[in-house]
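For reference, the structure is listed below as structure tokens.
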Amino acid sequence: RHVKVGHRQTPHTTKPSSTELGFALCAHPNSQVPAIALSFARMAAIDVYLHPSHNQPLQTSTWWRQMVTRSSKPARRIEAGGRSLFIHSLPRHSLHDLYHYCMTISWPRFYLFIAAAFIALNLLFAGLYQLQAGGIANQFPPGFLGAFFFSVETLATVGYGDMHPQTLYTHWISMLEIFIGMMSIALITGVTFARFSRPRARIVFTSSPVVRPLNGEPVLMLRAANARNNVIIDASARLRLLQQEVTAEGTTFRKLYDLTLVRDEHPMFVLGWTLMHKIDERSPLYQRDADSLAAVKAQLILSINGMDETTIQPMVARHTFSHQDIRWNHAFADLIYTDEHENDHVDYQRLQEVRPLPSAKD
């Protein structure tokens, strides 16, 4: 008879109490669980999991299911599409994906990470040097601090001609540290250059899309501007609608719809770009209003990509608009105006300006 008893500790406790311990009795399908074990399980409120071949019912409790699903690791908060999400039970493998971690953190955190690794590595080698007394000639100051300074000089391959290894053991440790130092400098230089040379699109999006009539048809309009004022070659844009839906079985999920743009390509994106989507019978926004979009928690996802003419590198930018951002029966303010000398001007302060249109009755 094979009976397995296991327990787990609930989160945020160091010594679990009797009410925080969960047990499970797992019996082989060909075995018979003794009646005393079943009675003990019922008295102790322990769940008994049996094979489906048994005639006895599978006993489960809400408490145990919550016990299994809870995670002892704290939740991780991320920002996705303008929403704050808390991620649970996802293993973190920062050391397995160290390059991605170094590319995604901020510059201050990146240099703090490098400084912490530098100090930790020197502390480790200082401890190795201290394992053999007298291995470093002219060690100053004496003790662990002098070994730490010698490790810093060795790791950085900087020799001042004062302290130097004088035993075979110290020579071996110095050789290992010099090798690690050379490799570390190469890796840090490569990651720093990759972070510095990574292309970033400085595309500014309007904060409020508008829905307005145009040539007798309702049109959804969005606007973007190239804040760098360089040429983005063959820029393309895609607009999608993300909304929450419920199936006939009662399952809730989020579904994406493609919104066709009047023009989704721009040969030379330099200043501004107004993107338009006709709300006709083929549009997922047909006969929709602010209340219907709020009921399904709708979002608009606009992505623009192209090629930077200066660096010949791809540029990608994305922005998410909530259903609350849409201004119904509004229009954008003009970015371009002409002065009295017939000179054209582009005022980016007007990028976020919208003005209400007269209603149909007016």
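Following the order of the structure tokens, first chain is A, next is B, and so on, with residues numbered from 1 inside each chain and ligands from 1 in the order they appear.
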Write out as a list in words all residues of segment 246-340 of chain A that DSSP puts in alpha helix (DSSP H) for this structure's backbone. Ala290, Asp291, Ser292, Leu293, Ala294 and Ala295 of chain A
Write the residues of the selection above to a file with N, CA, C and O atoms, as a PDB file, in the first residue's frame.
ATOM      1  N   ALA A 290     -20.432  55.891 -26.415  1.00  0.00           N
ATOM      2  CA  ALA A 290     -19.547  55.858 -25.256  1.00  0.00           C
ATOM      3  C   ALA A 290     -19.998  54.823 -24.227  1.00  0.00           C
ATOM      4  O   ALA A 290     -19.167  54.137 -23.620  1.00  0.00           O
ATOM      5  N   ASP A 291     -21.294  54.676 -24.032  1.00  0.00           N
ATOM      6  CA  ASP A 291     -21.787  53.726 -23.038  1.00  0.00           C
ATOM      7  C   ASP A 291     -21.528  52.282 -23.460  1.00  0.00           C
ATOM      8  O   ASP A 291     -21.145  51.446 -22.640  1.00  0.00           O
ATOM      9  N   SER A 292     -21.744  51.973 -24.722  1.00  0.00           N
ATOM     10  CA  SER A 292     -21.518  50.601 -25.180  1.00  0.00           C
ATOM     11  C   SER A 292     -20.035  50.229 -25.141  1.00  0.00           C
ATOM     12  O   SER A 292     -19.689  49.085 -24.838  1.00  0.00           O
ATOM     13  N   LEU A 293     -19.153  51.180 -25.426  1.00  0.00           N
ATOM     14  CA  LEU A 293     -17.715  50.898 -25.328  1.00  0.00           C
ATOM     15  C   LEU A 293     -17.273  50.751 -23.876  1.00  0.00           C
ATOM     16  O   LEU A 293     -16.406  49.944 -23.558  1.00  0.00           O
ATOM     17  N   ALA A 294     -17.880  51.526 -22.987  1.00  0.00           N
ATOM     18  CA  ALA A 294     -17.540  51.403 -21.567  1.00  0.00           C
ATOM     19  C   ALA A 294     -18.002  50.071 -21.000  1.00  0.00           C
ATOM     20  O   ALA A 294     -17.361  49.507 -20.110  1.00  0.00           O
ATOM     21  N   ALA A 295     -19.115  49.540 -21.507  1.00  0.00           N
ATOM     22  CA  ALA A 295     -19.638  48.272 -20.998  1.00  0.00           C
ATOM     23  C   ALA A 295     -18.710  47.112 -21.305  1.00  0.00           C
ATOM     24  O   ALA A 295     -18.653  46.136 -20.544  1.00  0.00           O
TER      25      ALA A 295
END
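The interatomic distance for the pair atom CA of Asn230 of chain A and atom CA of Arg202 of chain A works out to 9.9 Å.
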Pick from A:His171, A:Arg109, A:His341, A:Arg198: nearest to Met315 of chain A, with only C-alpha atoms counted?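 Closest to Met315 of chain A of all the choices is A:Arg198.
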Just the strand (DSSP E) stuff from segment 118-315 of chain A, please, per backbone DSSP, written as an MDAnalysis selection string. chainID A and resid 136:137 164:165 203:205 210:214 217:226 232:246 252:259 265:269 272:278 299:308 314:315
Which residues are close to segment 136-140 of chain A, i.e. within 9 Å by only C-alpha atoms, leaving aside same-chain residues fewer than 4 positions away? Reply as a VMD selection string. chain A and resid 129 145 to 147 149 to 150 162 to 167 170
Output N, CA and C atoms for every residue in the selection just made, as a PDB file, in the first residue's frame.
ATOM      1  N   TYR A 129      42.116  35.556  -1.376  1.00  0.00           N
ATOM      2  CA  TYR A 129      43.506  35.951  -1.093  1.00  0.00           C
ATOM      3  C   TYR A 129      43.843  35.785   0.376  1.00  0.00           C
ATOM      4  N   LEU A 145      41.110  44.481   4.170  1.00  0.00           N
ATOM      5  CA  LEU A 145      40.970  45.688   3.361  1.00  0.00           C
ATOM      6  C   LEU A 145      42.081  45.791   2.331  1.00  0.00           C
ATOM      7  N   GLY A 146      43.306  45.422   2.716  1.00  0.00           N
ATOM      8  CA  GLY A 146      44.394  45.430   1.753  1.00  0.00           C
ATOM      9  C   GLY A 146      44.184  44.405   0.653  1.00  0.00           C
ATOM     10  N   ALA A 147      43.652  43.232   1.012  1.00  0.00           N
ATOM     11  CA  ALA A 147      43.351  42.214   0.004  1.00  0.00           C
ATOM     12  C   ALA A 147      42.247  42.691  -0.935  1.00  0.00           C
ATOM     13  N   PHE A 149      41.667  45.881  -1.818  1.00  0.00           N
ATOM     14  CA  PHE A 149      42.249  46.838  -2.746  1.00  0.00           C
ATOM     15  C   PHE A 149      43.117  46.149  -3.797  1.00  0.00           C
ATOM     16  N   PHE A 150      43.825  45.113  -3.392  1.00  0.00           N
ATOM     17  CA  PHE A 150      44.637  44.358  -4.353  1.00  0.00           C
ATOM     18  C   PHE A 150      43.737  43.658  -5.379  1.00  0.00           C
ATOM     19  N   ASP A 162      53.283  48.245  -6.723  1.00  0.00           N
ATOM     20  CA  ASP A 162      53.503  48.179  -5.275  1.00  0.00           C
ATOM     21  C   ASP A 162      53.120  46.798  -4.765  1.00  0.00           C
ATOM     22  N   MET A 163      51.849  46.508  -4.633  1.00  0.00           N
ATOM     23  CA  MET A 163      51.399  45.182  -4.220  1.00  0.00           C
ATOM     24  C   MET A 163      51.418  44.229  -5.407  1.00  0.00           C
ATOM     25  N   HIS A 164      51.891  43.028  -5.185  1.00  0.00           N
ATOM     26  CA  HIS A 164      51.939  42.016  -6.236  1.00  0.00           C
ATOM     27  C   HIS A 164      51.930  40.635  -5.590  1.00  0.00           C
ATOM     28  N   PRO A 165      51.460  39.618  -6.330  1.00  0.00           N
ATOM     29  CA  PRO A 165      51.454  38.266  -5.758  1.00  0.00           C
ATOM     30  C   PRO A 165      52.871  37.720  -5.637  1.00  0.00           C
ATOM     31  N   GLN A 166      53.108  36.971  -4.536  1.00  0.00           N
ATOM     32  CA  GLN A 166      54.442  36.420  -4.323  1.00  0.00           C
ATOM     33  C   GLN A 166      54.426  34.935  -3.995  1.00  0.00           C
ATOM     34  N   THR A 167      53.259  34.300  -4.085  1.00  0.00           N
ATOM     35  CA  THR A 167      53.179  32.852  -3.898  1.00  0.00           C
ATOM     36  C   THR A 167      52.459  32.250  -5.095  1.00  0.00           C
ATOM     37  N   THR A 170      48.629  32.579  -4.859  1.00  0.00           N
ATOM     38  CA  THR A 170      48.145  33.918  -5.178  1.00  0.00           C
ATOM     39  C   THR A 170      48.246  34.202  -6.666  1.00  0.00           C
TER      40      THR A 170
END
Near Ser106 of chain A, within 12 Å and counting only C-alpha atoms, which residues show up once chain neighbours fewer than 6 positions away are dropped, as an mmCIF file with N, CA, C and O atoms, in the first residue's frame?
data_model
loop_
_atom_site.group_PDB
_atom_site.id
_atom_site.type_symbol
_atom_site.label_atom_id
_atom_site.label_comp_id
_atom_site.auth_asym_id
_atom_site.auth_seq_id
_atom_site.Cartn_x
_atom_site.Cartn_y
_atom_site.Cartn_z
ATOM 1 N N LEU A 112 23.908 50.705 -10.996
ATOM 2 C CA LEU A 112 23.906 50.169 -9.637
ATOM 3 C C LEU A 112 24.112 48.655 -9.640
ATOM 4 O O LEU A 112 24.795 48.111 -8.769
ATOM 5 N N PHE A 113 23.526 47.983 -10.615
ATOM 6 C CA PHE A 113 23.721 46.538 -10.745
ATOM 7 C C PHE A 113 25.177 46.217 -11.054
ATOM 8 O O PHE A 113 25.761 45.275 -10.483
ATOM 9 N N THR A 192 26.501 48.111 -22.667
ATOM 10 C CA THR A 192 26.369 49.574 -22.625
ATOM 11 C C THR A 192 26.193 50.147 -24.022
ATOM 12 O O THR A 192 25.346 51.031 -24.245
ATOM 13 N N ARG A 195 22.672 49.328 -25.279
ATOM 14 C CA ARG A 195 21.664 50.204 -24.697
ATOM 15 C C ARG A 195 21.730 51.600 -25.302
ATOM 16 O O ARG A 195 20.706 52.229 -25.559
ATOM 17 N N PHE A 196 22.950 52.098 -25.528
ATOM 18 C CA PHE A 196 23.109 53.451 -26.048
ATOM 19 C C PHE A 196 22.683 53.552 -27.499
ATOM 20 O O PHE A 196 22.106 54.564 -27.923
#
At a cut-off of 12 Å, using only C-alpha atoms, what residues contact Ile180 of chain A? Leave out same-chain residues fewer than 6 positions from it and give the result as a ChimeraX atom specification. /A:118,121-122,125,151,154-157,173-174,186-188
Could you tell me which of A:Leu176, A:Ile336, A:Leu124, A:Ile326 comes closest to Thr206 of chain A if we count only C-alpha atoms?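 Using only C-alpha atoms, the shortest distance to Thr206 of chain A belongs to A:Ile326.
Excluding Tyr257 of chain A itself and any same-chain residue fewer than 5 positions from it, the protein and nucleic acid residues within 9 Å of it, counting only C-alpha atoms, are A:Leu239, A:Arg240, A:Leu241, A:Leu242, A:Gln243, A:Pro284.
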Straight-line distance linking atom CA of Val204 of chain A with atom CA of Phe332 of chain A, stated in Å to one decimal: 14.9 Å
Report the distance between atom CA of Met103 of chain A and atom CA of Phe193 of chain A in Å, rounded to one decimal place. 10.5 Å
My list of candidates is A:Ala126, A:Met183, A:Val191, A:Leu302. Which is closest to Leu98 of chain A when distances are computed with only C-alpha atoms? A:Val191
